Amino acid sequence: MQRFENAGLVLGPVGGRSAGLCRFAGRSGAGRNATALAVVDAALAVAEQVEGVEDVWELQGLWEAAHVWGHPAVPDVEMPRLSEANTAVAGRLQNLLERLAPEQLRELGIALSVDHDMVALALELVEETAAGGREFQASTMAEFEAESRQAEDRIGDAVDVLLLDAPGDWPPPQRAALTLALVWDLAGLIAYAARLSAADVLPAALLWQAPGVDHMCASVRVPVPGTDQLVWAQIDPAPFDGRPLWSEAATVGLWRWSLDWERTDGSKVYYKGGRSPSRAAACWEAQWATQELLNAPHRAKSPMTGDPLIIPR
């Protein structure tokens, strides 16, 4: 069985899997771009073929790639680590992207809505690696803050080269930074595919209700069997400060989902929640959380207050 076969329950047939994955992961622009879909197909094939993966869950560790891959070692600082298999995947993604022409990298960056600040971070890391480390000349906190602002301004100007210059004229550090940021994005897509593949069934559907046609938020109250208690699942857009590097790229959003119940006095008890890159992903997470709660309602307690869902008599 292919590692990502179960993801088809959410994403649809294999032929449209990459487009479905991009939409689910909030990269809607990539779902309409042939170059991007070909690269995502190739990235998923890399993860399908890498050896040493005993459980598809392991590939979810690729969400850590942005905190590990491309980061130079820092003395006396313990960094997160990727497993051997995930390190191999990240390396092959790097090789895949390094073979693309600059024009293709630009097209992919626009389609995936690569984030401006992540490219800036990647450029800092590329320069730091090339220099063998980063040294500050400051001797006081004020001097350190001024030096950091100057470095931030310089990096910002250097990132703008990707916007102002033709792709064929990009300097090697800028091209390497864009490549690194795209490795992180592709690793995140693989991690999402692994998350979807870990379950061989869909969660029970919920009948989401919105307050009106112009509202993006939605909620549903679900009865707990054998009790008069209700749990309340909600999804709504969340604030998001990120912005794509290229203005023509699709906007990337963030969705918040939560699962709560009410005390007898009407006050809310938080149970579980999180953030997802799309409405569909938020619904999926909320539905799984609801199903898991209903499977064992007597064990459900708020992690914040300790309130049980069902109060023992």
# chains A, B, ... in the order shown; residues from 1 in each chain; ligands from 1
$ residues_around --residues "region 195-206 of chain A" --least-positions-apart "3" --cutoff "6 Å" --atoms "only C-alpha atoms" --output "ChimeraX atom specification"
/A:4,6-7,192,287-288
$ write_last_selection --atoms "C-alpha atoms" --output "short mmCIF file (atom, residue, chain, number, x, y, z; two decimals), in the first residue's frame"
data_model
loop_
_atom_site.label_atom_id
_atom_site.label_comp_id
_atom_site.auth_asym_id
_atom_site.auth_seq_id
_atom_site.Cartn_x
_atom_site.Cartn_y
_atom_site.Cartn_z
CA PHE A 4 -0.29 8.37 1.25
CA ASN A 6 -5.40 7.10 2.99
CA ALA A 7 -5.02 10.79 2.19
CA TYR A 192 0.18 17.36 5.92
CA GLN A 287 -14.42 16.75 13.57
CA TRP A 288 -11.65 14.42 14.71
#
$ residues_around --residues "Ile155 (chain A)" --least-positions-apart "6" --cutoff "8 Å" --atoms "only C-alpha atoms" --output "ChimeraX atom specification"
/A:120,123-124
$ write_last_selection --atoms "all heavy atoms" --output "CSV table (one decimal), in the first residue's frame"
chain,number,residue,atom,x,y,z
A,120,ALA,N,13.3,35.9,3.8
A,120,ALA,CA,14.3,36.7,4.5
A,120,ALA,C,15.1,35.9,5.5
A,120,ALA,O,16.4,36.0,5.6
A,120,ALA,CB,13.6,37.9,5.2
A,123,LEU,N,17.6,33.7,3.7
A,123,LEU,CA,18.7,34.4,3.2
A,123,LEU,C,19.7,34.7,4.4
A,123,LEU,O,20.9,34.6,4.2
A,123,LEU,CB,18.3,35.7,2.6
A,123,LEU,CG,19.4,36.6,2.0
A,123,LEU,CD1,20.2,35.8,1.0
A,123,LEU,CD2,18.8,37.9,1.4
A,124,GLU,N,19.2,35.0,5.5
A,124,GLU,CA,20.1,35.1,6.7
A,124,GLU,C,20.9,33.9,6.9
A,124,GLU,O,22.1,33.9,7.2
A,124,GLU,CB,19.3,35.5,8.0
A,124,GLU,CG,18.7,36.9,8.0
A,124,GLU,CD,18.1,37.2,9.3
A,124,GLU,OE1,18.7,36.9,10.4
A,124,GLU,OE2,16.9,37.6,9.3
$ closest_atom_pairs --of "region 10-86 of chain A" --to "region 253-264 of chain A" --cutoff "12 Å" --atoms "only C-alpha atoms" --output "JSON lines"
{"residue": "A:Arg23", "atom": "CA", "partner": "A:Gly253", "partner_atom": "CA", "distance": 11.4}
{"residue": "A:Phe24", "atom": "CA", "partner": "A:Gly253", "partner_atom": "CA", "distance": 11.6}
{"residue": "A:Ala25", "atom": "CA", "partner": "A:Gly253", "partner_atom": "CA", "distance": 10.0}
{"residue": "A:Gly26", "atom": "CA", "partner": "A:Gly253", "partner_atom": "CA", "distance": 6.9}
{"residue": "A:Arg27", "atom": "CA", "partner": "A:Gly253", "partner_atom": "CA", "distance": 9.2}
{"residue": "A:Ser28", "atom": "CA", "partner": "A:Gly253", "partner_atom": "CA", "distance": 10.2}
$ write_last_selection --atoms "N, CA and C atoms" --output "short mmCIF file (atom, residue, chain, number, x, y, z; two decimals), in the first residue's frame"
data_model
loop_
_atom_site.label_atom_id
_atom_site.label_comp_id
_atom_site.auth_asym_id
_atom_site.auth_seq_id
_atom_site.Cartn_x
_atom_site.Cartn_y
_atom_site.Cartn_z
N ARG A 23 -4.77 22.84 -1.75
CA ARG A 23 -5.94 23.58 -1.27
C ARG A 23 -6.15 23.33 0.23
N PHE A 24 -6.03 22.07 0.64
CA PHE A 24 -6.24 21.73 2.04
C PHE A 24 -5.22 22.42 2.93
N ALA A 25 -3.99 22.55 2.44
CA ALA A 25 -2.91 23.17 3.20
C ALA A 25 -2.85 24.68 3.01
N GLY A 26 -3.88 25.25 2.40
CA GLY A 26 -3.95 26.70 2.28
C GLY A 26 -3.11 27.30 1.18
N ARG A 27 -2.62 26.49 0.23
CA ARG A 27 -1.83 27.00 -0.89
C ARG A 27 -2.67 26.91 -2.17
N SER A 28 -3.74 27.70 -2.18
CA SER A 28 -4.74 27.58 -3.25
C SER A 28 -4.17 27.92 -4.61
#
$ select_by_dssp --residues "region 5-204 of chain A" --states "helix (DSSP H, G or I)" --output "JSON, numbers by chain"
{"A": [5, 6, 7, 8, 9, 10, 11, 14, 15, 16, 17, 18, 19, 20, 21, 22, 23, 24, 28, 29, 30, 31, 32, 34, 35, 36, 37, 38, 39, 40, 41, 42, 43, 44, 45, 46, 47, 48, 49, 56, 57, 58, 59, 60, 61, 62, 63, 64, 65, 66, 67, 68, 84, 85, 86, 87, 88, 89, 90, 91, 92, 93, 94, 95, 96, 97, 98, 102, 103, 104, 105, 106, 107, 108, 109, 110, 111, 116, 117, 118, 119, 120, 121, 122, 123, 124, 125, 126, 127, 128, 129, 130, 131, 141, 142, 143, 144, 145, 146, 147, 148, 149, 150, 151, 152, 153, 154, 155, 156, 157, 158, 159, 160, 161, 162, 163, 164, 167, 168, 169, 172, 173, 174, 175, 176, 177, 178, 179, 180, 181, 182, 183, 184, 185, 186, 187, 188, 189, 190, 191, 192, 193, 194, 195, 196, 197]}
$ atom_distance --atom1 "CA of Leu100 (chain A)" --atom2 "CA of Pro80 (chain A)"
28.8 Å
$ atom_distance --atom1 "CA of Ser83 (chain A)" --atom2 "CA of Gly61 (chain A)"
7.6 Å
$ residues_around --residues "region 230-236 of chain A" --least-positions-apart "2" --cutoff "10 Å" --atoms "only C-alpha atoms" --output "NGL selection string"
:A and (206 or 208-210 or 215-225 or 227-228 or 238-239 or 254-262 or 268-276 or 279-280 or 282-283 or 285-287 or 289-290 or 293-294 or 309)
$ residues_around --residues "Arg243 (chain A)" --least-positions-apart "3" --cutoff "9 Å" --atoms "only C-alpha atoms" --output "MDAnalysis selection string"
chainID A and resid 113:117 240 246:247 251:252
$ atom_distance --atom1 "CA of His67 (chain A)" --atom2 "CA of Ala158 (chain A)"
21.8 Å
$ residues_around --residues "Trp63 (chain A)" --least-positions-apart "5" --cutoff "10 Å" --atoms "only C-alpha atoms" --output "compact mmCIF listing (two decimals) with all heavy atoms, in the first residue's frame"
# COMPACT_ATOMS: atom_id res chain seq x y z
N VAL A 68 15.08 23.39 11.25
CA VAL A 68 16.27 22.56 11.27
C VAL A 68 17.05 22.64 9.95
O VAL A 68 18.24 22.97 9.93
CB VAL A 68 15.91 21.08 11.55
CG1 VAL A 68 17.16 20.22 11.59
CG2 VAL A 68 15.12 20.96 12.84
N LEU A 82 15.83 16.25 12.79
CA LEU A 82 15.00 15.44 11.90
C LEU A 82 15.46 14.00 11.97
O LEU A 82 16.65 13.72 12.18
CB LEU A 82 15.12 15.94 10.45
CG LEU A 82 14.60 17.34 10.14
CD1 LEU A 82 14.87 17.67 8.68
CD2 LEU A 82 13.12 17.48 10.45
N ASN A 86 13.57 11.62 7.41
CA ASN A 86 13.14 12.98 7.09
C ASN A 86 14.30 13.83 6.61
O ASN A 86 14.11 14.72 5.77
CB ASN A 86 12.46 13.61 8.31
CG ASN A 86 11.07 13.06 8.56
OD1 ASN A 86 10.42 12.56 7.64
ND2 ASN A 86 10.62 13.12 9.79
N TRP A 184 11.24 24.17 2.71
CA TRP A 184 10.40 24.17 3.92
C TRP A 184 8.93 24.03 3.57
O TRP A 184 8.20 23.29 4.23
CB TRP A 184 10.62 25.45 4.71
CG TRP A 184 12.01 25.65 5.22
CD1 TRP A 184 12.95 24.67 5.46
CD2 TRP A 184 12.63 26.89 5.59
NE1 TRP A 184 14.11 25.23 5.92
CE2 TRP A 184 13.95 26.58 6.02
CE3 TRP A 184 12.21 28.21 5.58
CZ2 TRP A 184 14.84 27.58 6.45
CZ3 TRP A 184 13.09 29.20 6.01
CH2 TRP A 184 14.38 28.88 6.44
N ASP A 185 8.49 24.74 2.52
CA ASP A 185 7.08 24.68 2.14
C ASP A 185 6.69 23.28 1.65
O ASP A 185 5.63 22.75 2.01
CB ASP A 185 6.78 25.71 1.05
CG ASP A 185 6.61 27.11 1.61
OD1 ASP A 185 6.56 27.27 2.84
OD2 ASP A 185 6.54 28.07 0.81
N LEU A 186 7.54 22.69 0.82
CA LEU A 186 7.24 21.35 0.32
C LEU A 186 7.27 20.32 1.45
O LEU A 186 6.45 19.39 1.49
CB LEU A 186 8.23 20.96 -0.77
CG LEU A 186 8.12 21.71 -2.10
CD1 LEU A 186 9.23 21.27 -3.05
CD2 LEU A 186 6.75 21.47 -2.75
N ALA A 187 8.21 20.49 2.38
CA ALA A 187 8.26 19.58 3.53
C ALA A 187 6.97 19.68 4.34
O ALA A 187 6.44 18.67 4.82
CB ALA A 187 9.47 19.92 4.40
N GLY A 188 6.43 20.90 4.47
CA GLY A 188 5.17 21.07 5.18
C GLY A 188 4.01 20.39 4.48
O GLY A 188 3.13 19.81 5.12
N LEU A 189 4.00 20.43 3.15
CA LEU A 189 2.94 19.74 2.40
C LEU A 189 3.03 18.23 2.60
O LEU A 189 2.00 17.55 2.77
CB LEU A 189 3.05 20.09 0.92
CG LEU A 189 2.64 21.50 0.51
CD1 LEU A 189 2.92 21.74 -0.96
CD2 LEU A 189 1.16 21.76 0.80
N ILE A 190 4.24 17.69 2.60
CA ILE A 190 4.41 16.26 2.84
C ILE A 190 3.93 15.90 4.24
O ILE A 190 3.27 14.87 4.45
CB ILE A 190 5.88 15.85 2.63
CG1 ILE A 190 6.28 15.99 1.16
CG2 ILE A 190 6.10 14.40 3.09
CD1 ILE A 190 7.76 15.81 0.91
N ALA A 191 4.27 16.74 5.21
CA ALA A 191 3.82 16.48 6.59
C ALA A 191 2.30 16.47 6.67
O ALA A 191 1.71 15.64 7.39
CB ALA A 191 4.39 17.55 7.53
N TYR A 192 1.64 17.37 5.91
CA TYR A 192 0.18 17.36 5.92
C TYR A 192 -0.37 16.10 5.26
O TYR A 192 -1.36 15.51 5.74
CB TYR A 192 -0.37 18.61 5.20
CG TYR A 192 -1.20 19.46 6.13
CD1 TYR A 192 -0.82 20.76 6.42
CD2 TYR A 192 -2.34 18.96 6.73
CE1 TYR A 192 -1.56 21.54 7.30
CE2 TYR A 192 -3.09 19.72 7.61
CZ TYR A 192 -2.69 21.01 7.89
OH TYR A 192 -3.41 21.76 8.77
$ closest_atom_pairs --of "region 55-169 of chain A" --to "region 30-45 of chain A" --cutoff "9 Å" --atoms "only C-alpha atoms" --output "JSON lines"
{"residue": "A:Val89", "atom": "CA", "partner": "A:Ala43", "partner_atom": "CA", "distance": 8.5}
{"residue": "A:Arg92", "atom": "CA", "partner": "A:Ala43", "partner_atom": "CA", "distance": 8.4}
{"residue": "A:Leu93", "atom": "CA", "partner": "A:Ala43", "partner_atom": "CA", "distance": 6.4}
{"residue": "A:Leu96", "atom": "CA", "partner": "A:Ala43", "partner_atom": "CA", "distance": 8.0}
{"residue": "A:Leu97", "atom": "CA", "partner": "A:Val39", "partner_atom": "CA", "distance": 8.4}
{"residue": "A:Gln104", "atom": "CA", "partner": "A:Thr35", "partner_atom": "CA", "distance": 7.4}
{"residue": "A:Glu107", "atom": "CA", "partner": "A:Thr35", "partner_atom": "CA", "distance": 7.4}
{"residue": "A:Leu108", "atom": "CA", "partner": "A:Ala36", "partner_atom": "CA", "distance": 5.3}
{"residue": "A:Gly109", "atom": "CA", "partner": "A:Ala36", "partner_atom": "CA", "distance": 8.6}
{"residue": "A:Ile110", "atom": "CA", "partner": "A:Ala30", "partner_atom": "CA", "distance": 8.2}
{"residue": "A:Ala111", "atom": "CA", "partner": "A:Ala30", "partner_atom": "CA", "distance": 4.4}
{"residue": "A:Leu112", "atom": "CA", "partner": "A:Ala30", "partner_atom": "CA", "distance": 5.3}
{"residue": "A:Ser113", "atom": "CA", "partner": "A:Ala30", "partner_atom": "CA", "distance": 8.1}
$ write_last_selection --atoms "C-alpha atoms" --output "mmCIF file, in the first residue's frame"
data_model
loop_
_atom_site.group_PDB
_atom_site.id
_atom_site.type_symbol
_atom_site.label_atom_id
_atom_site.label_comp_id
_atom_site.auth_asym_id
_atom_site.auth_seq_id
_atom_site.Cartn_x
_atom_site.Cartn_y
_atom_site.Cartn_z
ATOM 1 C CA VAL A 89 13.561 13.625 2.240
ATOM 2 C CA ARG A 92 16.161 15.178 -1.974
ATOM 3 C CA LEU A 93 13.733 18.108 -1.986
ATOM 4 C CA LEU A 96 14.854 18.635 -6.763
ATOM 5 C CA LEU A 97 14.535 22.409 -6.438
ATOM 6 C CA GLN A 104 10.511 27.924 -12.581
ATOM 7 C CA GLU A 107 6.638 30.474 -10.740
ATOM 8 C CA LEU A 108 6.687 27.938 -7.914
ATOM 9 C CA GLY A 109 7.238 30.647 -5.319
ATOM 10 C CA ILE A 110 4.208 32.561 -6.563
ATOM 11 C CA ALA A 111 2.036 29.436 -6.797
ATOM 12 C CA LEU A 112 2.928 28.325 -3.257
ATOM 13 C CA SER A 113 2.624 31.889 -1.911
#
$ decode --residues "region 106-138 of chain A" --atoms "N, CA, C and O atoms" --output "mmCIF file, in the first residue's frame"
data_model
loop_
_atom_site.group_PDB
_atom_site.id
_atom_site.type_symbol
_atom_site.label_atom_id
_atom_site.label_comp_id
_atom_site.auth_asym_id
_atom_site.auth_seq_id
_atom_site.Cartn_x
_atom_site.Cartn_y
_atom_site.Cartn_z
ATOM 1 N N ARG A 106 10.653 30.980 -9.549
ATOM 2 C CA ARG A 106 9.769 32.127 -9.350
ATOM 3 C C ARG A 106 8.307 31.705 -9.489
ATOM 4 O O ARG A 106 7.456 32.076 -8.664
ATOM 5 N N GLU A 107 8.012 30.925 -10.528
ATOM 6 C CA GLU A 107 6.638 30.474 -10.740
ATOM 7 C C GLU A 107 6.158 29.635 -9.564
ATOM 8 O O GLU A 107 5.015 29.782 -9.094
ATOM 9 N N LEU A 108 7.047 28.778 -9.054
ATOM 10 C CA LEU A 108 6.687 27.938 -7.914
ATOM 11 C C LEU A 108 6.489 28.785 -6.659
ATOM 12 O O LEU A 108 5.556 28.550 -5.883
ATOM 13 N N GLY A 109 7.360 29.780 -6.482
ATOM 14 C CA GLY A 109 7.238 30.647 -5.319
ATOM 15 C C GLY A 109 5.930 31.409 -5.308
ATOM 16 O O GLY A 109 5.296 31.579 -4.257
ATOM 17 N N ILE A 110 5.494 31.866 -6.466
ATOM 18 C CA ILE A 110 4.208 32.561 -6.563
ATOM 19 C C ILE A 110 3.065 31.583 -6.318
ATOM 20 O O ILE A 110 2.121 31.885 -5.573
ATOM 21 N N ALA A 111 3.127 30.410 -6.931
ATOM 22 C CA ALA A 111 2.036 29.436 -6.797
ATOM 23 C C ALA A 111 1.872 28.972 -5.350
ATOM 24 O O ALA A 111 0.742 28.793 -4.871
ATOM 25 N N LEU A 112 2.989 28.787 -4.643
ATOM 26 C CA LEU A 112 2.928 28.325 -3.257
ATOM 27 C C LEU A 112 2.802 29.476 -2.265
ATOM 28 O O LEU A 112 2.784 29.252 -1.055
ATOM 29 N N SER A 113 2.732 30.708 -2.779
ATOM 30 C CA SER A 113 2.624 31.889 -1.911
ATOM 31 C C SER A 113 3.727 31.897 -0.860
ATOM 32 O O SER A 113 3.495 32.103 0.336
ATOM 33 N N VAL A 114 4.966 31.658 -1.328
ATOM 34 C CA VAL A 114 6.092 31.601 -0.390
ATOM 35 C C VAL A 114 6.135 32.897 0.411
ATOM 36 O O VAL A 114 5.948 33.990 -0.106
ATOM 37 N N ASP A 115 6.376 32.765 1.709
ATOM 38 C CA ASP A 115 6.262 33.899 2.627
ATOM 39 C C ASP A 115 7.492 34.796 2.588
ATOM 40 O O ASP A 115 8.640 34.305 2.578
ATOM 41 N N HIS A 116 7.248 36.103 2.579
ATOM 42 C CA HIS A 116 8.338 37.082 2.524
ATOM 43 C C HIS A 116 9.326 36.890 3.674
ATOM 44 O O HIS A 116 10.545 36.848 3.480
ATOM 45 N N ASP A 117 8.799 36.788 4.892
ATOM 46 C CA ASP A 117 9.677 36.712 6.051
ATOM 47 C C ASP A 117 10.449 35.394 6.095
ATOM 48 O O ASP A 117 11.574 35.348 6.621
ATOM 49 N N MET A 118 9.864 34.330 5.565
ATOM 50 C CA MET A 118 10.588 33.056 5.533
ATOM 51 C C MET A 118 11.740 33.106 4.525
ATOM 52 O O MET A 118 12.801 32.530 4.767
ATOM 53 N N VAL A 119 11.545 33.793 3.420
ATOM 54 C CA VAL A 119 12.647 33.972 2.463
ATOM 55 C C VAL A 119 13.738 34.833 3.094
ATOM 56 O O VAL A 119 14.937 34.561 2.922
ATOM 57 N N ALA A 120 13.338 35.860 3.842
ATOM 58 C CA ALA A 120 14.317 36.698 4.527
ATOM 59 C C ALA A 120 15.116 35.875 5.541
ATOM 60 O O ALA A 120 16.351 35.996 5.632
ATOM 61 N N LEU A 121 14.431 35.035 6.310
ATOM 62 C CA LEU A 121 15.123 34.158 7.253
ATOM 63 C C LEU A 121 16.077 33.223 6.518
ATOM 64 O O LEU A 121 17.224 33.016 6.945
ATOM 65 N N ALA A 122 15.599 32.653 5.418
ATOM 66 C CA ALA A 122 16.436 31.739 4.646
ATOM 67 C C ALA A 122 17.692 32.442 4.145
ATOM 68 O O ALA A 122 18.789 31.863 4.157
ATOM 69 N N LEU A 123 17.559 33.686 3.705
ATOM 70 C CA LEU A 123 18.725 34.428 3.222
ATOM 71 C C LEU A 123 19.717 34.676 4.361
ATOM 72 O O LEU A 123 20.939 34.573 4.166
ATOM 73 N N GLU A 124 19.213 35.000 5.549
ATOM 74 C CA GLU A 124 20.106 35.148 6.703
ATOM 75 C C GLU A 124 20.893 33.862 6.944
ATOM 76 O O GLU A 124 22.109 33.893 7.202
ATOM 77 N N LEU A 125 20.213 32.723 6.870
ATOM 78 C CA LEU A 125 20.866 31.443 7.120
ATOM 79 C C LEU A 125 21.880 31.112 6.032
ATOM 80 O O LEU A 125 22.973 30.586 6.317
ATOM 81 N N VAL A 126 21.512 31.407 4.790
ATOM 82 C CA VAL A 126 22.444 31.162 3.676
ATOM 83 C C VAL A 126 23.721 31.976 3.869
ATOM 84 O O VAL A 126 24.834 31.474 3.705
ATOM 85 N N GLU A 127 23.568 33.249 4.211
ATOM 86 C CA GLU A 127 24.734 34.106 4.417
ATOM 87 C C GLU A 127 25.548 33.660 5.629
ATOM 88 O O GLU A 127 26.791 33.669 5.595
ATOM 89 N N GLU A 128 24.846 33.278 6.683
ATOM 90 C CA GLU A 128 25.538 32.835 7.893
ATOM 91 C C GLU A 128 26.345 31.565 7.636
ATOM 92 O O GLU A 128 27.489 31.419 8.105
ATOM 93 N N THR A 129 25.757 30.644 6.873
ATOM 94 C CA THR A 129 26.460 29.409 6.540
ATOM 95 C C THR A 129 27.685 29.699 5.687
ATOM 96 O O THR A 129 28.774 29.139 5.916
ATOM 97 N N ALA A 130 27.536 30.597 4.713
ATOM 98 C CA ALA A 130 28.657 30.932 3.838
ATOM 99 C C ALA A 130 29.781 31.610 4.606
ATOM 100 O O ALA A 130 30.973 31.425 4.290
ATOM 101 N N ALA A 131 29.427 32.396 5.632
ATOM 102 C CA ALA A 131 30.432 33.134 6.408
ATOM 103 C C ALA A 131 31.025 32.300 7.541
ATOM 104 O O ALA A 131 31.960 32.746 8.219
ATOM 105 N N GLY A 132 30.464 31.097 7.741
ATOM 106 C CA GLY A 132 30.962 30.256 8.817
ATOM 107 C C GLY A 132 30.466 30.660 10.188
ATOM 108 O O GLY A 132 31.034 30.285 11.212
ATOM 109 N N GLY A 133 29.399 31.439 10.229
ATOM 110 C CA GLY A 133 28.829 31.877 11.499
ATOM 111 C C GLY A 133 28.465 33.339 11.446
ATOM 112 O O GLY A 133 28.752 34.041 10.473
ATOM 113 N N ARG A 134 27.835 33.811 12.490
ATOM 114 C CA ARG A 134 27.429 35.205 12.563
ATOM 115 C C ARG A 134 28.054 35.844 13.798
ATOM 116 O O ARG A 134 27.945 35.292 14.899
ATOM 117 N N GLU A 135 28.682 36.969 13.606
ATOM 118 C CA GLU A 135 29.318 37.666 14.714
ATOM 119 C C GLU A 135 28.757 39.080 14.845
ATOM 120 O O GLU A 135 28.636 39.790 13.842
ATOM 121 N N PHE A 136 28.431 39.458 16.056
ATOM 122 C CA PHE A 136 27.984 40.820 16.329
ATOM 123 C C PHE A 136 29.161 41.631 16.870
ATOM 124 O O PHE A 136 29.965 41.128 17.659
ATOM 125 N N GLN A 137 29.223 42.878 16.434
ATOM 126 C CA GLN A 137 30.281 43.766 16.889
ATOM 127 C C GLN A 137 29.849 44.584 18.103
ATOM 128 O O GLN A 137 30.664 45.265 18.724
ATOM 129 N N ALA A 138 28.578 44.540 18.435
ATOM 130 C CA ALA A 138 28.029 45.389 19.488
ATOM 131 C C ALA A 138 28.583 44.991 20.855
ATOM 132 O O ALA A 138 28.831 43.802 21.127
#
